[in-house]
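Text of structure_0.cif (mmCIF, C-alpha atoms) as supplied:
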data_start
loop_
_atom_site.label_atom_id
_atom_site.label_comp_id
_atom_site.auth_asym_id
_atom_site.auth_seq_id
_atom_site.Cartn_x
_atom_site.Cartn_y
_atom_site.Cartn_z
CA MET A 20 -3.99 -11.11 9.63
CA GLY A 21 -1.92 -8.23 10.81
CA SER A 22 -2.24 -6.13 13.87
CA GLY A 23 -2.21 -2.39 14.17
CA VAL A 24 -4.19 0.25 12.35
CA SER A 25 -3.02 3.75 11.62
CA THR A 26 -5.35 6.68 11.88
CA ARG A 27 -2.79 9.38 11.13
CA ALA A 28 -4.12 12.15 8.89
CA ASN A 29 -0.81 12.76 7.20
CA SER A 30 -1.36 16.39 6.35
CA THR A 31 -3.85 19.05 7.14
CA ARG A 32 -3.97 20.71 3.72
CA GLY A 33 -4.23 19.14 0.31
CA VAL A 34 -3.24 20.31 -3.15
CA GLY A 35 -4.11 23.95 -3.79
CA GLY A 36 -4.94 24.55 -0.12
CA THR A 37 -8.07 22.41 -0.16
CA PRO A 38 -8.68 20.34 2.96
CA ALA A 39 -6.88 17.02 2.80
CA LYS A 40 -8.86 13.83 3.18
CA ARG A 41 -8.20 11.69 6.24
CA VAL A 42 -6.52 8.41 5.29
CA THR A 43 -6.83 5.45 7.64
CA LEU A 44 -6.19 1.73 7.36
CA ARG A 45 -8.35 -1.11 8.57
CA PRO A 46 -7.48 -4.79 8.52
CA ALA A 47 -8.94 -6.54 5.48
CA THR A 48 -11.66 -9.13 6.07
CA PRO A 49 -12.95 -12.01 3.94
CA GLU A 50 -15.77 -9.71 2.80
CA ASP A 51 -13.20 -7.48 1.05
CA CYS A 52 -12.11 -10.25 -1.33
CA ARG A 53 -14.22 -9.25 -4.34
CA GLN A 54 -13.44 -5.53 -4.11
CA VAL A 55 -9.70 -6.15 -3.80
CA TRP A 56 -9.93 -8.45 -6.85
CA LEU A 57 -11.67 -5.70 -8.83
CA TRP A 58 -8.97 -3.18 -7.89
CA ARG A 59 -6.21 -5.67 -8.79
CA ASN A 60 -7.77 -6.42 -12.18
CA ASP A 61 -8.30 -2.75 -13.06
CA GLU A 62 -6.53 -1.94 -16.33
CA GLY A 63 -4.40 0.81 -14.75
CA THR A 64 -3.36 -1.42 -11.86
CA ARG A 65 -2.42 -4.24 -14.21
CA ALA A 66 -0.38 -1.88 -16.41
CA ALA A 67 1.63 -0.78 -13.35
CA SER A 68 2.05 -4.35 -12.04
CA PHE A 69 4.87 -6.74 -12.81
CA ASP A 70 2.26 -9.35 -13.82
CA THR A 71 -0.06 -7.53 -16.22
CA SER A 72 -2.41 -10.44 -16.91
CA PRO A 73 -5.91 -10.52 -15.44
CA ILE A 74 -6.37 -12.83 -12.45
CA SER A 75 -9.42 -15.09 -12.24
CA PHE A 76 -11.66 -14.61 -9.22
CA GLU A 77 -11.08 -18.23 -8.16
CA THR A 78 -7.29 -17.76 -8.14
CA HIS A 79 -7.57 -14.44 -6.31
CA GLU A 80 -10.03 -15.82 -3.77
CA ARG A 81 -7.64 -18.65 -2.80
CA TRP A 82 -4.71 -16.22 -2.54
CA PHE A 83 -6.73 -13.64 -0.58
CA HIS A 84 -8.08 -16.03 2.04
CA GLU A 85 -4.65 -17.62 2.47
CA SER A 86 -3.14 -14.13 2.82
CA LEU A 87 -5.58 -13.27 5.61
CA ARG A 88 -4.46 -16.38 7.51
CA HIS A 89 -0.74 -15.81 6.94
CA ARG A 90 0.94 -14.49 10.12
CA ASP A 91 3.55 -12.47 8.28
CA ARG A 92 1.22 -10.86 5.74
CA HIS A 93 -0.70 -7.78 6.82
CA VAL A 94 -3.45 -6.66 4.42
CA TYR A 95 -5.24 -3.37 4.99
CA ILE A 96 -8.08 -1.58 3.24
CA VAL A 97 -7.29 2.08 2.62
CA LEU A 98 -10.05 4.41 3.78
CA VAL A 99 -10.34 8.06 2.77
CA ASP A 100 -12.79 9.78 5.07
CA GLY A 101 -14.31 6.33 5.64
CA GLN A 102 -14.64 5.46 1.93
CA GLU A 103 -12.80 2.42 0.58
CA ALA A 104 -10.02 3.66 -1.67
CA GLY A 105 -7.62 0.75 -2.17
CA VAL A 106 -5.54 -1.94 -0.53
CA VAL A 107 -2.04 -1.96 0.92
CA ARG A 108 -0.08 -5.03 1.99
CA LEU A 109 2.99 -5.50 4.12
CA ASP A 110 4.83 -8.83 3.90
CA VAL A 111 7.07 -9.19 6.95
CA ALA A 112 10.40 -11.01 6.85
CA GLY A 113 12.37 -10.55 10.05
CA ALA A 114 12.65 -6.84 10.80
CA ARG A 115 11.70 -5.72 7.29
CA GLY A 116 8.40 -5.31 5.50
CA ILE A 117 7.80 -5.43 1.76
CA VAL A 118 5.09 -3.02 0.62
CA ASN A 119 2.48 -3.54 -2.10
CA ILE A 120 -0.25 -0.98 -2.84
CA HIS A 121 -3.20 -0.72 -5.25
CA LEU A 122 -5.51 2.28 -5.25
CA ALA A 123 -8.98 2.41 -6.74
CA PRO A 124 -8.92 4.30 -10.06
CA GLU A 125 -11.05 7.14 -8.72
CA TRP A 126 -8.52 7.83 -5.93
CA ARG A 127 -5.37 7.93 -8.05
CA GLY A 128 -3.69 11.29 -8.54
CA ARG A 129 -5.35 12.76 -5.45
CA GLY A 130 -2.52 12.43 -2.92
CA VAL A 131 -3.90 9.26 -1.35
CA GLY A 132 -0.86 7.12 -2.19
CA PRO A 133 1.69 9.02 -0.09
CA ARG A 134 -0.73 9.35 2.82
CA THR A 135 -1.45 5.61 2.64
CA LEU A 136 2.25 4.83 2.73
CA ALA A 137 2.74 7.17 5.70
CA ALA A 138 -0.12 5.44 7.54
CA LEU A 139 1.44 2.06 6.77
CA GLU A 140 4.77 3.35 8.08
CA ASP A 141 3.07 4.12 11.41
CA VAL A 142 2.03 0.47 11.64
CA ALA A 143 5.32 -0.98 10.34
CA PHE A 144 7.61 1.08 12.56
CA GLY A 145 5.11 1.20 15.42
CA SER A 146 3.13 -1.86 16.45
CA LEU A 147 5.03 -4.26 14.15
CA HIS A 148 8.43 -2.98 15.35
CA LEU A 149 10.03 -3.23 11.92
CA THR A 150 13.24 -1.38 11.14
CA ARG A 151 13.02 -1.31 7.35
CA MET A 152 10.37 -1.02 4.64
CA GLU A 153 11.08 -2.02 1.03
CA ALA A 154 9.22 -1.73 -2.23
CA GLU A 155 9.70 -2.62 -5.86
CA VAL A 156 8.24 -0.32 -8.49
CA LYS A 157 8.00 -1.06 -12.18
CA ALA A 158 10.21 1.29 -14.18
CA GLY A 159 8.00 3.83 -15.90
CA ASN A 160 5.51 3.95 -13.02
CA ALA A 161 6.32 7.57 -12.20
CA ALA A 162 3.26 8.07 -9.96
CA SER A 163 4.16 5.18 -7.68
CA LEU A 164 7.83 6.15 -7.58
CA ALA A 165 6.87 9.72 -6.64
CA ALA A 166 4.49 8.53 -3.90
CA PHE A 167 7.17 6.41 -2.27
CA GLN A 168 9.80 9.14 -2.55
CA LYS A 169 7.42 11.76 -1.15
CA VAL A 170 7.28 9.85 2.15
CA GLY A 171 11.02 9.31 2.37
CA PHE A 172 11.72 6.08 0.51
CA THR A 173 15.11 6.15 -1.19
CA LEU A 174 15.79 4.69 -4.61
CA VAL A 175 18.62 2.21 -4.08
CA GLY A 176 18.89 0.66 -7.53
CA GLY A 177 17.27 -1.10 -10.38
CA GLU A 178 16.54 -0.65 -14.07
CA SER A 179 13.32 -2.42 -15.07
CA VAL A 180 12.52 -2.94 -11.37
CA LEU A 181 13.20 0.04 -9.12
CA ASN A 182 14.14 -0.84 -5.55
CA LEU A 183 13.13 1.55 -2.79
CA VAL A 184 13.93 1.48 0.92
CA LYS A 185 12.93 3.39 4.02
CA VAL A 186 14.73 2.78 7.30
CA ARG A 187 13.24 3.61 10.68
CA ARG A 188 14.91 6.56 12.31
CA GLU A 189 15.64 6.21 15.99
CA ALA A 190 14.06 8.92 18.14
#
Go ahead and express the file in the form of structure tokens.
Amino acid sequence: MGSGVSTRANSTRGVGGTPAKRVTLRPATPEDCRQVWLWRNDEGTRAASFDTSPISFETHERWFHESLRHRDRHVYIVLVDGQEAGVVRLDVAGARGIVNIHLAPEWRGRGVGPRTLAALEDVAFGSLHLTRMEAEVKAGNAASLAAFQKVGFTLVGGESVLNLVKVRREA
């Protein structure tokens, strides 16, 4: 499992001037398996995923526990003011990390996605010393595309699969 946890509260004010929720990441544990499976099998998550079919718990459980043991896969639970709000994953290959994110239905559309990605950036470009983050977004998934672009990811191509990149800026 991955190292590094971000506690950055990415903004101080939310939409309409209401106080923004604090988004943090914590490393996933085996106890998170069922909740992550429920988020992954949510109808909205499946519709936005490249593989839209439901995943059996047995298949997910094998994948999840293997993922926690994989050195180059970093799985984090997204917390909003301490409440579980989703999962974000960073698959590391050399100096780059490939991002995957699923938010719980009740947290979508509330600004949690961009703040989660910014917290993940702190880990990726901080303790993991990566120089590049990449993501693939299904065409038509405007909310996900907007979340990535809001935190500085650049659309670099694609038609049915949109490719996004963010490169670490040197200080």
Convert the output of the PyMOL selection byres ((chain A and resi 90) around 12) on the shown file into explicit residues, formatted as a ChimeraX atom specification.
/A:20-22,85-89,91-94,109-112,147
Kindly give the distance, in Å, that separates CA of Val97 (chain A) and CA of Ser72 (chain A), rounded to a single decimal.
23.7 Å
Which residues, written as number ranges by chain, have at least one atom at most 8 Å from region 102-108 of chain A, with all atoms listed in the file counted and residues fewer than 2 positions away on the same chain left out?
A: 55, 58, 92-100, 110, 117-123, 125-126, 135, 139
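Between CA of Glu50 (chain A) and CA of Ile74 (chain A) there is a distance of 18.2 Å.
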I'd like the residues picked by the PyMOL selection byres ((chain A and resi 176) around 12) written out as a short mmCIF file (atom, residue, chain, number, x, y, z; two decimals) with C-alpha atoms, in the coordinates of the input, using the chain letters and numbers from the file.
data_model
loop_
_atom_site.label_atom_id
_atom_site.label_comp_id
_atom_site.auth_asym_id
_atom_site.auth_seq_id
_atom_site.Cartn_x
_atom_site.Cartn_y
_atom_site.Cartn_z
CA GLU A 153 11.08 -2.02 1.03
CA ALA A 154 9.22 -1.73 -2.23
CA GLU A 155 9.70 -2.62 -5.86
CA VAL A 156 8.24 -0.32 -8.49
CA LYS A 157 8.00 -1.06 -12.18
CA ALA A 158 10.21 1.29 -14.18
CA THR A 173 15.11 6.15 -1.19
CA LEU A 174 15.79 4.69 -4.61
CA VAL A 175 18.62 2.21 -4.08
CA GLY A 177 17.27 -1.10 -10.38
CA GLU A 178 16.54 -0.65 -14.07
CA SER A 179 13.32 -2.42 -15.07
CA VAL A 180 12.52 -2.94 -11.37
CA LEU A 181 13.20 0.04 -9.12
CA ASN A 182 14.14 -0.84 -5.55
CA LEU A 183 13.13 1.55 -2.79
CA VAL A 184 13.93 1.48 0.92
#
For His84 (chain A), work out the shell of residues within 8 Å, counting only C-alpha atoms and skipping chain neighbours fewer than 4 positions away, then give it as a list in words.
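The residues that qualify are Pro49, Cys52, Glu80 and Arg88 of chain A.
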For a quick check of understanding, using only C-alpha atoms, which of A:Arg188, A:Arg127, A:Lys169, A:Arg59 has the smallest distance to Gly145 (chain A)?
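Distance minimum relative to Gly145 (chain A) lands on A:Arg188.
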In Å, with one decimal, what is the gap from CA of Ser75 (chain A) to CA of Leu44 (chain A)?
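Value for the CA of Ser75 (chain A)-CA of Leu44 (chain A) distance: 26.0 Å.
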Could you write out as a list of chain:residue names the residues that the PyMOL selection byres ((chain A and resi 149) around 9) matches in the shown file?
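That selection, the PyMOL selection byres ((chain A and resi 149) around 9), comes back as A:Val111, A:Gly113, A:Ala114, A:Arg115, A:Gly116, A:Val142, A:Ala143, A:Phe144, A:Gly145, A:Ser146, A:Leu147, A:His148, A:Thr150, A:Arg151, A:Met152, A:Val186, A:Arg187.
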Those same residues, written as a short mmCIF file (atom, residue, chain, number, x, y, z; two decimals), keeping the file's coordinate frame with C-alpha atoms?
data_model
loop_
_atom_site.label_atom_id
_atom_site.label_comp_id
_atom_site.auth_asym_id
_atom_site.auth_seq_id
_atom_site.Cartn_x
_atom_site.Cartn_y
_atom_site.Cartn_z
CA VAL A 111 7.07 -9.19 6.95
CA GLY A 113 12.37 -10.55 10.05
CA ALA A 114 12.65 -6.84 10.80
CA ARG A 115 11.70 -5.72 7.29
CA GLY A 116 8.40 -5.31 5.50
CA VAL A 142 2.03 0.47 11.64
CA ALA A 143 5.32 -0.98 10.34
CA PHE A 144 7.61 1.08 12.56
CA GLY A 145 5.11 1.20 15.42
CA SER A 146 3.13 -1.86 16.45
CA LEU A 147 5.03 -4.26 14.15
CA HIS A 148 8.43 -2.98 15.35
CA THR A 150 13.24 -1.38 11.14
CA ARG A 151 13.02 -1.31 7.35
CA MET A 152 10.37 -1.02 4.64
CA VAL A 186 14.73 2.78 7.30
CA ARG A 187 13.24 3.61 10.68
#
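Comparing the minimum interatomic distances between Phe76 (chain A) and each of A:Glu62, A:Arg134, A:Arg53, A:Ser163, counting only C-alpha atoms, we find that A:Arg53 sits nearest.
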Answer as a ChimeraX atom specification, residues within 12 Å of (6.4, 12.0, 0.4) using all atoms listed in the file
/A:29-30,130-138,140,162-173,185
Proximity to Trp56 (chain A) - best of A:Asn160, A:Thr78, A:Phe69, A:Arg41, all atoms listed in the file:
A:Thr78
Where atoms are missing, can you supply N, CA and C atoms for region 152-173 of chain A and output the lot as a CSV table (one decimal), keeping the file's coordinate frame?
chain,number,residue,atom,x,y,z
A,152,MET,N,11.4,-0.8,5.6
A,152,MET,CA,10.4,-1.0,4.6
A,152,MET,C,11.0,-1.0,3.2
A,153,GLU,N,10.6,-1.9,2.4
A,153,GLU,CA,11.1,-2.0,1.0
A,153,GLU,C,9.9,-2.1,0.0
A,154,ALA,N,10.2,-1.6,-1.2
A,154,ALA,CA,9.2,-1.7,-2.2
A,154,ALA,C,9.9,-1.9,-3.6
A,155,GLU,N,9.2,-2.5,-4.5
A,155,GLU,CA,9.7,-2.6,-5.9
A,155,GLU,C,8.7,-1.9,-6.7
A,156,VAL,N,9.1,-1.1,-7.6
A,156,VAL,CA,8.2,-0.3,-8.5
A,156,VAL,C,8.7,-0.6,-9.9
A,157,LYS,N,7.7,-0.8,-10.8
A,157,LYS,CA,8.0,-1.1,-12.2
A,157,LYS,C,8.5,0.2,-12.8
A,158,ALA,N,9.7,0.1,-13.5
A,158,ALA,CA,10.2,1.3,-14.2
A,158,ALA,C,9.1,1.9,-15.1
A,159,GLY,N,9.0,3.2,-15.1
A,159,GLY,CA,8.0,3.8,-15.9
A,159,GLY,C,6.8,4.2,-15.1
A,160,ASN,N,6.6,3.6,-13.9
A,160,ASN,CA,5.5,4.0,-13.0
A,160,ASN,C,5.9,5.2,-12.2
A,161,ALA,N,5.9,6.3,-12.8
A,161,ALA,CA,6.3,7.6,-12.2
A,161,ALA,C,5.5,7.9,-11.0
A,162,ALA,N,4.2,7.7,-11.1
A,162,ALA,CA,3.3,8.1,-10.0
A,162,ALA,C,3.6,7.3,-8.7
A,163,SER,N,3.8,6.0,-8.8
A,163,SER,CA,4.2,5.2,-7.7
A,163,SER,C,5.5,5.6,-7.1
A,164,LEU,N,6.5,5.7,-8.0
A,164,LEU,CA,7.8,6.2,-7.6
A,164,LEU,C,7.8,7.5,-6.8
A,165,ALA,N,7.0,8.4,-7.3
A,165,ALA,CA,6.9,9.7,-6.6
A,165,ALA,C,6.2,9.6,-5.3
A,166,ALA,N,5.2,8.7,-5.2
A,166,ALA,CA,4.5,8.5,-3.9
A,166,ALA,C,5.4,8.0,-2.9
A,167,PHE,N,6.2,7.0,-3.2
A,167,PHE,CA,7.2,6.4,-2.3
A,167,PHE,C,8.2,7.4,-1.9
A,168,GLN,N,8.8,8.2,-2.8
A,168,GLN,CA,9.8,9.1,-2.6
A,168,GLN,C,9.3,10.3,-1.7
A,169,LYS,N,8.0,10.7,-1.9
A,169,LYS,CA,7.4,11.8,-1.2
A,169,LYS,C,7.4,11.5,0.3
A,170,VAL,N,7.3,10.2,0.7
A,170,VAL,CA,7.3,9.8,2.2
A,170,VAL,C,8.6,9.3,2.6
A,171,GLY,N,9.7,9.6,1.9
A,171,GLY,CA,11.0,9.3,2.4
A,171,GLY,C,11.7,8.0,2.0
A,172,PHE,N,11.0,7.3,1.0
A,172,PHE,CA,11.7,6.1,0.5
A,172,PHE,C,12.8,6.5,-0.4
A,173,THR,N,13.9,5.8,-0.4
A,173,THR,CA,15.1,6.2,-1.2
A,173,THR,C,15.3,5.1,-2.3
